[in-house]
file my_file-v4.cif (mmCIF, N, CA and C atoms and all ligand atoms)
data_target
#
loop_
_atom_site.label_atom_id
_atom_site.label_comp_id
_atom_site.auth_asym_id
_atom_site.auth_seq_id
_atom_site.Cartn_x
_atom_site.Cartn_y
_atom_site.Cartn_z
N MET A 1 50.25 15.69 -59.59
CA MET A 1 50.41 16.26 -58.26
C MET A 1 50.77 17.73 -58.37
N ILE A 2 50.12 18.55 -57.60
CA ILE A 2 50.40 19.97 -57.61
C ILE A 2 51.45 20.29 -56.56
N THR A 3 52.51 20.97 -57.00
CA THR A 3 53.57 21.35 -56.07
C THR A 3 53.12 22.59 -55.30
N PRO A 4 53.26 22.58 -53.97
CA PRO A 4 52.90 23.79 -53.22
C PRO A 4 53.70 24.98 -53.71
N LEU A 5 53.06 26.15 -53.74
CA LEU A 5 53.71 27.37 -54.21
C LEU A 5 55.06 27.60 -53.56
N SER A 6 55.12 27.36 -52.26
CA SER A 6 56.31 27.71 -51.50
C SER A 6 57.53 26.89 -51.90
N LEU A 7 57.31 25.78 -52.62
CA LEU A 7 58.44 24.93 -53.00
C LEU A 7 58.96 25.23 -54.40
N LEU A 8 58.32 26.15 -55.10
CA LEU A 8 58.75 26.47 -56.46
C LEU A 8 59.86 27.51 -56.44
N VAL A 9 60.82 27.36 -57.35
CA VAL A 9 61.80 28.43 -57.54
C VAL A 9 61.21 29.41 -58.55
N SER A 10 61.84 30.57 -58.69
CA SER A 10 61.23 31.66 -59.43
C SER A 10 60.73 31.27 -60.82
N HIS A 11 61.59 30.67 -61.66
CA HIS A 11 61.14 30.39 -63.03
C HIS A 11 60.01 29.37 -63.03
N GLN A 12 60.03 28.44 -62.07
CA GLN A 12 58.93 27.47 -61.98
C GLN A 12 57.65 28.17 -61.57
N TYR A 13 57.78 29.16 -60.68
CA TYR A 13 56.60 29.91 -60.25
C TYR A 13 55.94 30.58 -61.45
N TRP A 14 56.74 31.28 -62.28
CA TRP A 14 56.16 32.00 -63.42
C TRP A 14 55.55 31.05 -64.43
N GLU A 15 56.18 29.89 -64.65
CA GLU A 15 55.60 28.90 -65.56
C GLU A 15 54.27 28.40 -64.99
N ASN A 16 54.25 28.23 -63.69
CA ASN A 16 53.06 27.70 -63.02
C ASN A 16 51.87 28.65 -63.11
N VAL A 17 52.10 29.96 -62.98
CA VAL A 17 50.98 30.91 -62.95
C VAL A 17 50.65 31.46 -64.33
N ARG A 18 51.48 31.17 -65.35
CA ARG A 18 51.23 31.76 -66.67
C ARG A 18 49.80 31.56 -67.17
N PRO A 19 49.20 30.36 -67.04
CA PRO A 19 47.84 30.19 -67.55
C PRO A 19 46.81 31.13 -66.90
N GLN A 20 47.01 31.53 -65.65
CA GLN A 20 46.02 32.40 -65.00
C GLN A 20 46.37 33.87 -65.16
N GLY A 21 47.59 34.19 -65.55
CA GLY A 21 47.99 35.57 -65.75
C GLY A 21 49.01 36.02 -64.72
N PHE A 22 49.32 37.35 -64.75
CA PHE A 22 50.37 37.89 -63.89
C PHE A 22 49.89 37.92 -62.45
N SER A 23 50.32 36.95 -61.70
CA SER A 23 49.82 36.74 -60.34
C SER A 23 50.98 36.78 -59.35
N LEU A 24 50.71 37.31 -58.18
CA LEU A 24 51.70 37.36 -57.11
C LEU A 24 51.20 36.56 -55.91
N PRO A 25 52.13 36.01 -55.14
CA PRO A 25 51.72 35.28 -53.94
C PRO A 25 51.01 36.21 -52.95
N GLN A 26 49.83 35.80 -52.51
CA GLN A 26 49.08 36.60 -51.53
C GLN A 26 48.71 35.71 -50.34
N CYS A 27 48.97 36.22 -49.17
CA CYS A 27 48.58 35.54 -47.94
C CYS A 27 47.06 35.60 -47.83
N GLN A 28 46.41 34.45 -47.64
CA GLN A 28 44.96 34.41 -47.56
C GLN A 28 44.46 34.76 -46.16
N SER A 29 45.39 34.87 -45.23
CA SER A 29 45.02 35.24 -43.87
C SER A 29 45.01 36.76 -43.70
N CYS A 30 46.14 37.44 -44.02
CA CYS A 30 46.20 38.89 -43.82
C CYS A 30 46.08 39.67 -45.13
N LYS A 31 45.99 38.97 -46.27
CA LYS A 31 45.79 39.53 -47.60
C LYS A 31 46.99 40.31 -48.14
N ALA A 32 48.13 40.25 -47.47
CA ALA A 32 49.33 40.93 -47.97
C ALA A 32 49.95 40.14 -49.12
N PHE A 33 50.41 40.88 -50.13
CA PHE A 33 51.15 40.25 -51.22
C PHE A 33 52.62 40.22 -50.83
N HIS A 34 53.35 39.24 -51.34
CA HIS A 34 54.79 39.22 -51.18
C HIS A 34 55.44 38.53 -52.37
N PHE A 35 56.69 38.79 -52.58
CA PHE A 35 57.50 38.14 -53.59
C PHE A 35 58.95 38.46 -53.25
N TYR A 36 59.79 37.54 -53.23
CA TYR A 36 59.90 36.19 -53.71
C TYR A 36 59.02 35.26 -52.88
N LEU A 37 58.97 34.02 -53.39
CA LEU A 37 58.18 33.02 -52.70
C LEU A 37 58.80 32.66 -51.36
N ARG A 38 57.97 32.49 -50.40
CA ARG A 38 58.43 32.06 -49.07
C ARG A 38 57.48 30.97 -48.58
N PRO A 39 57.98 30.09 -47.70
CA PRO A 39 57.10 29.02 -47.20
C PRO A 39 55.98 29.52 -46.31
N ALA A 40 56.14 30.74 -45.76
CA ALA A 40 55.10 31.32 -44.90
C ALA A 40 55.02 32.81 -45.16
N CYS A 41 53.86 33.41 -44.86
CA CYS A 41 53.68 34.84 -45.03
C CYS A 41 54.69 35.60 -44.16
N PRO A 42 55.45 36.56 -44.76
CA PRO A 42 56.42 37.30 -43.95
C PRO A 42 55.74 38.27 -42.98
N GLY A 43 54.45 38.53 -43.17
CA GLY A 43 53.75 39.45 -42.27
C GLY A 43 53.13 38.77 -41.06
N CYS A 44 52.46 37.62 -41.29
CA CYS A 44 51.72 37.01 -40.19
C CYS A 44 52.09 35.54 -39.94
N GLY A 45 52.89 34.97 -40.84
CA GLY A 45 53.33 33.60 -40.62
C GLY A 45 52.39 32.52 -41.14
N SER A 46 51.27 32.92 -41.73
CA SER A 46 50.32 31.94 -42.24
C SER A 46 50.94 31.12 -43.37
N LEU A 47 50.54 29.86 -43.47
CA LEU A 47 50.99 28.99 -44.55
C LEU A 47 49.99 28.98 -45.71
N ASP A 48 48.89 29.71 -45.57
CA ASP A 48 47.83 29.73 -46.59
C ASP A 48 48.14 30.83 -47.61
N ILE A 49 48.90 30.45 -48.64
CA ILE A 49 49.34 31.42 -49.65
C ILE A 49 48.88 30.96 -51.03
N LYS A 50 48.28 31.89 -51.79
CA LYS A 50 47.81 31.57 -53.14
C LYS A 50 48.34 32.60 -54.12
N ALA A 51 48.51 32.19 -55.38
CA ALA A 51 48.89 33.12 -56.44
C ALA A 51 47.61 33.83 -56.91
N VAL A 52 47.57 35.16 -56.79
CA VAL A 52 46.38 35.94 -57.09
C VAL A 52 46.66 36.91 -58.24
N LEU A 53 45.75 36.94 -59.21
CA LEU A 53 45.88 37.82 -60.36
C LEU A 53 45.97 39.28 -59.92
N THR A 54 46.92 40.03 -60.48
CA THR A 54 47.14 41.42 -60.06
C THR A 54 46.98 42.36 -61.24
N SER A 55 47.24 43.65 -60.97
CA SER A 55 47.07 44.68 -62.00
C SER A 55 48.14 44.60 -63.09
N GLY A 56 49.28 44.04 -62.78
CA GLY A 56 50.39 44.03 -63.74
C GLY A 56 51.06 45.39 -63.88
N ARG A 57 50.76 46.30 -62.95
CA ARG A 57 51.30 47.66 -63.05
C ARG A 57 52.16 47.99 -61.84
N GLY A 58 53.05 48.97 -62.07
CA GLY A 58 53.92 49.39 -60.98
C GLY A 58 54.75 50.59 -61.41
N SER A 59 55.80 50.84 -60.65
CA SER A 59 56.69 51.95 -60.99
C SER A 59 58.14 51.52 -60.78
N VAL A 60 59.03 52.24 -61.47
CA VAL A 60 60.45 51.90 -61.38
C VAL A 60 60.97 52.36 -60.02
N TYR A 61 61.45 51.41 -59.24
CA TYR A 61 62.01 51.71 -57.92
C TYR A 61 63.50 52.02 -58.05
N SER A 62 64.18 51.26 -58.88
CA SER A 62 65.60 51.47 -59.15
C SER A 62 65.93 50.78 -60.46
N PHE A 63 67.05 51.13 -61.07
CA PHE A 63 67.44 50.46 -62.30
C PHE A 63 68.93 50.59 -62.54
N SER A 64 69.42 49.76 -63.45
CA SER A 64 70.82 49.80 -63.85
C SER A 64 70.87 49.55 -65.36
N ILE A 65 71.77 50.23 -66.03
CA ILE A 65 71.94 50.02 -67.46
C ILE A 65 73.14 49.10 -67.67
N VAL A 66 72.87 47.97 -68.33
CA VAL A 66 73.92 46.99 -68.58
C VAL A 66 74.55 47.29 -69.93
N HIS A 67 75.84 47.62 -69.92
CA HIS A 67 76.56 47.94 -71.15
C HIS A 67 77.44 46.78 -71.62
N ARG A 68 77.80 45.92 -70.69
CA ARG A 68 78.70 44.81 -71.00
C ARG A 68 77.93 43.51 -70.85
N ALA A 69 77.78 42.77 -71.94
CA ALA A 69 76.99 41.54 -71.91
C ALA A 69 77.61 40.52 -70.96
N PRO A 70 76.79 39.94 -70.08
CA PRO A 70 77.32 38.95 -69.15
C PRO A 70 77.68 37.63 -69.82
N SER A 71 77.13 37.40 -71.03
CA SER A 71 77.49 36.21 -71.80
C SER A 71 77.18 36.50 -73.26
N ALA A 72 77.65 35.63 -74.14
CA ALA A 72 77.49 35.85 -75.58
C ALA A 72 76.02 35.99 -75.97
N SER A 73 75.14 35.31 -75.25
CA SER A 73 73.72 35.35 -75.63
C SER A 73 73.08 36.71 -75.36
N PHE A 74 73.74 37.59 -74.60
CA PHE A 74 73.20 38.91 -74.32
C PHE A 74 73.84 40.00 -75.18
N GLU A 75 74.82 39.64 -76.00
CA GLU A 75 75.56 40.66 -76.75
C GLU A 75 74.67 41.48 -77.67
N LYS A 76 73.64 40.84 -78.24
CA LYS A 76 72.75 41.58 -79.14
C LYS A 76 71.83 42.54 -78.37
N ASP A 77 71.73 42.39 -77.07
CA ASP A 77 70.79 43.19 -76.26
C ASP A 77 71.39 44.46 -75.67
N VAL A 78 72.70 44.49 -75.46
CA VAL A 78 73.28 45.63 -74.76
C VAL A 78 73.24 46.89 -75.62
N PRO A 79 73.06 48.08 -75.02
CA PRO A 79 72.77 48.26 -73.61
C PRO A 79 71.29 47.94 -73.32
N TYR A 80 71.03 47.40 -72.14
CA TYR A 80 69.66 47.13 -71.72
C TYR A 80 69.48 47.51 -70.26
N VAL A 81 68.22 47.57 -69.84
CA VAL A 81 67.90 48.06 -68.50
C VAL A 81 67.41 46.92 -67.61
N VAL A 82 68.09 46.72 -66.50
CA VAL A 82 67.61 45.82 -65.45
C VAL A 82 67.00 46.71 -64.38
N ALA A 83 65.76 46.43 -64.03
CA ALA A 83 65.05 47.32 -63.10
C ALA A 83 64.45 46.56 -61.93
N LEU A 84 64.32 47.28 -60.83
CA LEU A 84 63.54 46.81 -59.70
C LEU A 84 62.21 47.56 -59.79
N VAL A 85 61.14 46.80 -60.04
CA VAL A 85 59.81 47.41 -60.18
C VAL A 85 59.02 47.20 -58.89
N ALA A 86 58.48 48.30 -58.36
CA ALA A 86 57.58 48.23 -57.22
C ALA A 86 56.17 48.05 -57.78
N THR A 87 55.61 46.85 -57.63
CA THR A 87 54.27 46.61 -58.16
C THR A 87 53.25 47.40 -57.34
N ASP A 88 52.10 47.68 -57.95
CA ASP A 88 51.05 48.42 -57.23
C ASP A 88 50.53 47.63 -56.03
N GLU A 89 50.73 46.32 -56.05
CA GLU A 89 50.29 45.49 -54.92
C GLU A 89 51.33 45.45 -53.81
N GLY A 90 52.52 45.98 -54.06
CA GLY A 90 53.53 46.06 -53.01
C GLY A 90 54.86 45.40 -53.28
N PRO A 91 54.86 44.12 -53.70
CA PRO A 91 56.15 43.45 -53.89
C PRO A 91 57.02 44.10 -54.96
N HIS A 92 58.32 44.03 -54.77
CA HIS A 92 59.28 44.51 -55.75
C HIS A 92 59.80 43.31 -56.54
N LEU A 93 59.93 43.49 -57.86
CA LEU A 93 60.41 42.43 -58.72
C LEU A 93 61.62 42.90 -59.51
N MET A 94 62.60 42.03 -59.67
CA MET A 94 63.71 42.30 -60.57
C MET A 94 63.25 41.89 -61.96
N THR A 95 63.44 42.77 -62.94
CA THR A 95 62.96 42.50 -64.28
C THR A 95 63.79 43.27 -65.29
N ARG A 96 63.42 43.18 -66.56
CA ARG A 96 64.02 44.02 -67.58
C ARG A 96 62.95 44.96 -68.11
N LEU A 97 63.37 46.20 -68.42
CA LEU A 97 62.47 47.16 -69.06
C LEU A 97 62.72 47.11 -70.56
N MET A 98 61.64 46.93 -71.31
CA MET A 98 61.72 46.81 -72.75
C MET A 98 61.05 48.02 -73.39
N LYS A 99 61.27 48.18 -74.70
CA LYS A 99 60.58 49.20 -75.51
C LYS A 99 60.84 50.61 -75.00
N ILE A 100 62.04 50.85 -74.46
CA ILE A 100 62.43 52.19 -74.04
C ILE A 100 63.96 52.29 -74.14
N LYS A 101 64.42 53.47 -74.55
CA LYS A 101 65.86 53.68 -74.59
C LYS A 101 66.37 53.80 -73.15
N PRO A 102 67.50 53.16 -72.83
CA PRO A 102 68.00 53.20 -71.45
C PRO A 102 68.11 54.61 -70.89
N GLN A 103 68.51 55.57 -71.71
CA GLN A 103 68.69 56.94 -71.21
C GLN A 103 67.35 57.62 -70.88
N ASP A 104 66.24 57.04 -71.31
CA ASP A 104 64.92 57.63 -71.03
C ASP A 104 64.26 57.07 -69.77
N VAL A 105 64.86 56.06 -69.15
CA VAL A 105 64.26 55.47 -67.94
C VAL A 105 64.45 56.43 -66.76
N LYS A 106 63.38 56.59 -65.97
CA LYS A 106 63.42 57.46 -64.80
C LYS A 106 62.88 56.70 -63.57
N ILE A 107 63.44 56.99 -62.42
CA ILE A 107 62.91 56.46 -61.17
C ILE A 107 61.47 56.96 -61.03
N GLY A 108 60.57 56.08 -60.66
CA GLY A 108 59.18 56.46 -60.44
C GLY A 108 58.29 56.37 -61.67
N MET A 109 58.88 56.15 -62.85
CA MET A 109 58.03 56.09 -64.05
C MET A 109 57.12 54.86 -63.98
N ARG A 110 55.93 55.03 -64.54
CA ARG A 110 54.94 53.95 -64.51
C ARG A 110 55.28 52.91 -65.57
N VAL A 111 55.14 51.64 -65.18
CA VAL A 111 55.43 50.53 -66.08
C VAL A 111 54.32 49.48 -65.97
N VAL A 112 54.26 48.64 -67.00
CA VAL A 112 53.24 47.59 -67.04
C VAL A 112 53.88 46.32 -67.58
N VAL A 113 53.43 45.20 -67.07
CA VAL A 113 53.97 43.92 -67.51
C VAL A 113 53.58 43.67 -68.96
N ILE A 114 54.45 43.04 -69.72
CA ILE A 114 54.21 42.78 -71.14
C ILE A 114 53.70 41.36 -71.34
N GLY A 115 52.60 41.22 -72.07
CA GLY A 115 52.19 39.92 -72.55
C GLY A 115 51.58 38.98 -71.52
N TRP A 116 51.17 39.51 -70.39
CA TRP A 116 50.53 38.67 -69.38
C TRP A 116 49.12 39.19 -69.15
N ARG A 117 48.19 38.30 -69.02
CA ARG A 117 46.83 38.67 -68.64
C ARG A 117 46.88 39.25 -67.22
N THR A 118 46.11 40.32 -66.98
CA THR A 118 46.02 40.91 -65.64
C THR A 118 44.56 41.15 -65.32
N HIS A 119 44.26 41.56 -64.07
CA HIS A 119 42.83 41.78 -63.76
C HIS A 119 42.31 43.05 -64.40
N ARG A 120 43.22 43.91 -64.92
CA ARG A 120 42.75 45.07 -65.67
C ARG A 120 42.66 44.77 -67.16
N ASP A 121 43.24 43.66 -67.56
CA ASP A 121 43.25 43.25 -68.96
C ASP A 121 42.86 41.78 -69.01
N PRO A 122 41.58 41.50 -68.74
CA PRO A 122 41.17 40.10 -68.58
C PRO A 122 40.90 39.37 -69.89
N ALA A 123 41.54 39.83 -70.99
CA ALA A 123 41.32 39.18 -72.28
C ALA A 123 41.58 37.69 -72.18
N ASP A 124 40.90 36.94 -73.01
CA ASP A 124 41.03 35.50 -72.96
C ASP A 124 42.31 34.99 -73.62
N GLN A 125 43.06 35.91 -74.23
CA GLN A 125 44.29 35.45 -74.88
C GLN A 125 45.26 34.90 -73.84
N VAL A 126 45.86 33.79 -74.20
CA VAL A 126 46.85 33.19 -73.30
C VAL A 126 48.18 33.85 -73.59
N SER A 127 48.93 34.12 -72.55
CA SER A 127 50.23 34.75 -72.70
C SER A 127 51.13 33.91 -73.59
N GLU A 128 52.02 34.59 -74.27
CA GLU A 128 52.89 33.91 -75.22
C GLU A 128 54.20 33.48 -74.57
N GLY A 129 54.69 32.35 -75.04
CA GLY A 129 56.03 31.92 -74.67
C GLY A 129 56.19 31.59 -73.20
N ALA A 130 57.41 31.36 -72.83
CA ALA A 130 57.71 30.95 -71.46
C ALA A 130 58.57 31.97 -70.75
N ALA A 131 58.66 33.18 -71.30
CA ALA A 131 59.53 34.19 -70.71
C ALA A 131 59.01 34.62 -69.35
N PRO A 132 59.92 34.97 -68.44
CA PRO A 132 59.49 35.55 -67.17
C PRO A 132 58.88 36.92 -67.45
N PRO A 133 58.22 37.53 -66.47
CA PRO A 133 57.59 38.81 -66.72
C PRO A 133 58.60 39.92 -67.01
N LEU A 134 58.38 40.62 -68.12
CA LEU A 134 59.16 41.79 -68.48
C LEU A 134 58.21 42.97 -68.45
N PHE A 135 58.74 44.18 -68.31
CA PHE A 135 57.90 45.36 -68.22
C PHE A 135 58.25 46.37 -69.31
N GLU A 136 57.31 47.24 -69.61
CA GLU A 136 57.50 48.32 -70.57
C GLU A 136 56.84 49.58 -70.00
N PRO A 137 57.14 50.76 -70.54
CA PRO A 137 56.48 51.97 -70.04
C PRO A 137 54.95 51.83 -70.15
N ASP A 138 54.26 52.32 -69.13
CA ASP A 138 52.79 52.29 -69.11
C ASP A 138 52.30 53.60 -69.70
N LEU A 139 51.80 53.54 -70.91
CA LEU A 139 51.37 54.76 -71.62
C LEU A 139 49.87 55.00 -71.46
N SER A 140 49.17 54.20 -70.67
CA SER A 140 47.73 54.38 -70.52
C SER A 140 47.39 55.49 -69.54
ZN ZN B 201 49.81 37.06 -43.81
#
call {"tool": "encode", "arguments": {"input": "my_file-v4.cif", "output": "structure tokens"}}
result
Amino acid sequence: MITPLSLLVSHQYWENVRPQGFSLPQCQSCKAFHFYLRPACPGCGSLDIKAVLTSGRGSVYSFSIVHRAPSASFEKDVPYVVALVATDEGPHLMTRLMKIKPQDVKIGMRVVVIGWRTHRDPADQVSEGAAPPLFEPDLS
């Protein structure tokens, strides 16, 4: 049985869409993208929502540098960057920025999702692991 998109919590959503690539919920009525998941389109109220493959690109809307590990499992990671990324399709996502020194992160810098198939990178390789989407600087 397939669970409707609107009933999935965030990590379940990412596990669910991983085989098709980095996809965001899109209203099939007004074509607006949104995220987090909602039972109905926040723009028009339609219940016809599908996960649609996106560019995987965006820009840093805001960020914070974490210096104090929230738990022992994060101690090896600090300092690290938690960012709000504005995707090119519109929705903002909370994520981590990888492969960049925290002091080099700038508001507005271009970023790209790591390890997920996108419509600009339609390679047949299946994404690795079960990690949620992380981003890195877009050097293209
Ligand atoms: Zn809509």
call {"tool": "residues_around", "arguments": {"input": "my_file-v4.cif", "residues": "stretch 76-84 of chain A", "least_positions_apart": "6", "cutoff": "7 Å", "atoms": "only C-alpha atoms", "output": "PyMOL selection string"}}
result
chain A and resi 60-69+92-97+102
call {"tool": "closest_atom_pairs", "arguments": {"input": "my_file-v4.cif", "of": "chain A", "to": "ligand ZN 201 (chain B)", "cutoff": "5 Å", "atoms": "only N, CA and C atoms and all ligand atoms", "output": "tab-separated table"}}
result
residue	atom	partner	partner_atom	distance
A:Cys27	CA	B:ZN201	ZN	4.6
A:Ser29	C	B:ZN201	ZN	4.8
A:Cys30	N	B:ZN201	ZN	3.7
A:Lys31	N	B:ZN201	ZN	4.9
A:Cys41	CA	B:ZN201	ZN	4.6
A:Gly43	C	B:ZN201	ZN	4.6
A:Cys44	N	B:ZN201	ZN	3.7
A:Gly45	N	B:ZN201	ZN	4.8
A:Ser46	N	B:ZN201	ZN	4.9
call {"tool": "select_by_dssp", "arguments": {"input": "my_file-v4.cif", "residues": "chain A", "states": "helix (DSSP H, G or I)", "output": "NGL selection string"}}
result
:A and (5-7 or 10-17 or 72-74 or 102-104)
call {"tool": "residues_around", "arguments": {"input": "my_file-v4.cif", "residues": "A:Trp14", "least_positions_apart": "2", "cutoff": "10 Å", "atoms": "only C-alpha atoms", "output": "ChimeraX atom specification"}}
result
/A:8-12,16-19,21-24,130-133
call {"tool": "atom_distance", "arguments": {"input": "my_file-v4.cif", "atom1": "atom N of A:Glu75", "atom2": "atom CA of A:Gly115"}}
result
22.9 Å
call {"tool": "closest_residue", "arguments": {"input": "my_file-v4.cif", "among": "A:Val112, A:Ala72, A:Ala51, A:Ala32", "to": "A:Pro91", "atoms": "only C-alpha atoms"}}
result
A:Ala32
call {"tool": "select_by_dssp", "arguments": {"input": "my_file-v4.cif", "residues": "stretch 57-92 of chain A", "states": "strand (DSSP E or B)", "output": "ChimeraX atom specification"}}
result
/A:57-66,80-87,92
call {"tool": "write_last_selection", "arguments": {"input": "my_file-v4.cif", "atoms": "N, CA and C atoms", "output": "PDB file, in the coordinates of the input"}}
result
ATOM      1  N   ARG A  57      50.760  46.300 -62.950  1.00  0.00           N
ATOM      2  CA  ARG A  57      51.300  47.660 -63.050  1.00  0.00           C
ATOM      3  C   ARG A  57      52.160  47.990 -61.840  1.00  0.00           C
ATOM      4  N   GLY A  58      53.050  48.970 -62.070  1.00  0.00           N
ATOM      5  CA  GLY A  58      53.920  49.390 -60.980  1.00  0.00           C
ATOM      6  C   GLY A  58      54.750  50.590 -61.410  1.00  0.00           C
ATOM      7  N   SER A  59      55.800  50.840 -60.650  1.00  0.00           N
ATOM      8  CA  SER A  59      56.690  51.950 -60.990  1.00  0.00           C
ATOM      9  C   SER A  59      58.140  51.520 -60.780  1.00  0.00           C
ATOM     10  N   VAL A  60      59.030  52.240 -61.470  1.00  0.00           N
ATOM     11  CA  VAL A  60      60.450  51.900 -61.380  1.00  0.00           C
ATOM     12  C   VAL A  60      60.970  52.360 -60.020  1.00  0.00           C
ATOM     13  N   TYR A  61      61.450  51.410 -59.240  1.00  0.00           N
ATOM     14  CA  TYR A  61      62.010  51.710 -57.920  1.00  0.00           C
ATOM     15  C   TYR A  61      63.500  52.020 -58.050  1.00  0.00           C
ATOM     16  N   SER A  62      64.180  51.260 -58.880  1.00  0.00           N
ATOM     17  CA  SER A  62      65.600  51.470 -59.150  1.00  0.00           C
ATOM     18  C   SER A  62      65.930  50.780 -60.460  1.00  0.00           C
ATOM     19  N   PHE A  63      67.050  51.130 -61.070  1.00  0.00           N
ATOM     20  CA  PHE A  63      67.440  50.460 -62.300  1.00  0.00           C
ATOM     21  C   PHE A  63      68.930  50.590 -62.540  1.00  0.00           C
ATOM     22  N   SER A  64      69.420  49.760 -63.450  1.00  0.00           N
ATOM     23  CA  SER A  64      70.820  49.800 -63.850  1.00  0.00           C
ATOM     24  C   SER A  64      70.870  49.550 -65.360  1.00  0.00           C
ATOM     25  N   ILE A  65      71.770  50.230 -66.030  1.00  0.00           N
ATOM     26  CA  ILE A  65      71.940  50.020 -67.460  1.00  0.00           C
ATOM     27  C   ILE A  65      73.140  49.100 -67.670  1.00  0.00           C
ATOM     28  N   VAL A  66      72.870  47.970 -68.330  1.00  0.00           N
ATOM     29  CA  VAL A  66      73.920  46.990 -68.580  1.00  0.00           C
ATOM     30  C   VAL A  66      74.550  47.290 -69.930  1.00  0.00           C
ATOM     31  N   TYR A  80      71.030  47.400 -72.140  1.00  0.00           N
ATOM     32  CA  TYR A  80      69.660  47.130 -71.720  1.00  0.00           C
ATOM     33  C   TYR A  80      69.480  47.510 -70.260  1.00  0.00           C
ATOM     34  N   VAL A  81      68.220  47.570 -69.840  1.00  0.00           N
ATOM     35  CA  VAL A  81      67.900  48.060 -68.500  1.00  0.00           C
ATOM     36  C   VAL A  81      67.410  46.920 -67.610  1.00  0.00           C
ATOM     37  N   VAL A  82      68.090  46.720 -66.500  1.00  0.00           N
ATOM     38  CA  VAL A  82      67.610  45.820 -65.450  1.00  0.00           C
ATOM     39  C   VAL A  82      67.000  46.710 -64.380  1.00  0.00           C
ATOM     40  N   ALA A  83      65.760  46.430 -64.030  1.00  0.00           N
ATOM     41  CA  ALA A  83      65.050  47.320 -63.100  1.00  0.00           C
ATOM     42  C   ALA A  83      64.450  46.560 -61.930  1.00  0.00           C
ATOM     43  N   LEU A  84      64.320  47.280 -60.830  1.00  0.00           N
ATOM     44  CA  LEU A  84      63.540  46.810 -59.700  1.00  0.00           C
ATOM     45  C   LEU A  84      62.210  47.560 -59.790  1.00  0.00           C
ATOM     46  N   VAL A  85      61.140  46.800 -60.040  1.00  0.00           N
ATOM     47  CA  VAL A  85      59.810  47.410 -60.180  1.00  0.00           C
ATOM     48  C   VAL A  85      59.020  47.200 -58.890  1.00  0.00           C
ATOM     49  N   ALA A  86      58.480  48.300 -58.360  1.00  0.00           N
ATOM     50  CA  ALA A  86      57.580  48.230 -57.220  1.00  0.00           C
ATOM     51  C   ALA A  86      56.170  48.050 -57.780  1.00  0.00           C
ATOM     52  N   THR A  87      55.610  46.850 -57.630  1.00  0.00           N
ATOM     53  CA  THR A  87      54.270  46.610 -58.160  1.00  0.00           C
ATOM     54  C   THR A  87      53.250  47.400 -57.340  1.00  0.00           C
ATOM     55  N   HIS A  92      58.320  44.030 -54.770  1.00  0.00           N
ATOM     56  CA  HIS A  92      59.280  44.510 -55.750  1.00  0.00           C
ATOM     57  C   HIS A  92      59.800  43.310 -56.540  1.00  0.00           C
TER      58      HIS A  92
END
call {"tool": "atom_distance", "arguments": {"input": "my_file-v4.cif", "atom1": "atom CA of A:Ile114", "atom2": "atom CA of A:Pro137"}}
result
9.5 Å
call {"tool": "closest_residue", "arguments": {"input": "my_file-v4.cif", "among": "A:Ile107, A:Leu134, A:Leu5, A:Met98", "to": "A:Gly56", "atoms": "only C-alpha atoms"}}
result
A:Leu134
call {"tool": "atom_distance", "arguments": {"input": "my_file-v4.cif", "atom1": "atom CA of A:Lys101", "atom2": "atom CA of A:Glu136"}}
result
10.7 Å
call {"tool": "residues_near_point", "arguments": {"input": "my_file-v4.cif", "point": "(46.6, 31.5, -48.6)", "cutoff": "6 Å", "atoms": "only C-alpha atoms", "output": "list in words"}}
result
Cys27, Gln28, Asp48, Ile49 and Lys50 of chain A
call {"tool": "closest_residue", "arguments": {"input": "my_file-v4.cif", "among": "A:Pro25, A:Lys106, A:Thr118, A:Val85", "to": "A:Gly58", "atoms": "only C-alpha atoms"}}
result
A:Val85
call {"tool": "closest_residue", "arguments": {"input": "my_file-v4.cif", "among": "A:Ser55, A:Gln103, A:Gln20, A:Ser73", "to": "A:Thr87", "atoms": "only N, CA and C atoms"}}
result
A:Ser55
call {"tool": "axis_aligned_box", "arguments": {"input": "my_file-v4.cif", "around": "stretch 23-36 of chain A", "padding_each_side": "6 Å", "output": "AutoDock Vina command-line options"}}
result
--center_x 52.2 --center_y 37.7 --center_z -52.7 --size_x 27.4 --size_y 18.5 --size_z 30.0
call {"tool": "closest_residue", "arguments": {"input": "my_file-v4.cif", "among": "A:Arg57, A:Val52, A:Gln26, A:Tyr13", "to": "A:Glu89", "atoms": "only N, CA and C atoms"}}
result
A:Arg57
call {"tool": "decode", "arguments": {"input": "my_file-v4.cif", "residues": "stretch 25-40 of chain A", "atoms": "C-alpha atoms", "output": "tab-separated table (two decimals), in the first residue's frame"}}
result
chain	number	residue	atom	x	y	z
A	25	PRO	CA	5.93	18.32	-3.34
A	26	GLN	CA	4.21	20.10	-6.24
A	27	CYS	CA	0.54	20.95	-6.49
A	28	GLN	CA	-0.78	19.45	-9.74
A	29	SER	CA	-3.52	22.05	-9.90
A	30	CYS	CA	-1.60	25.36	-9.63
A	31	LYS	CA	1.91	23.86	-10.16
A	32	ALA	CA	3.34	25.59	-7.06
A	33	PHE	CA	6.00	23.74	-5.10
A	34	HIS	CA	5.89	23.67	-1.33
A	35	PHE	CA	7.74	22.10	1.59
A	36	TYR	CA	7.15	20.93	4.39
A	37	LEU	CA	4.50	18.44	3.47
A	38	ARG	CA	0.93	19.55	3.91
A	39	PRO	CA	-2.35	17.70	3.35
A	40	ALA	CA	-3.41	20.37	0.83
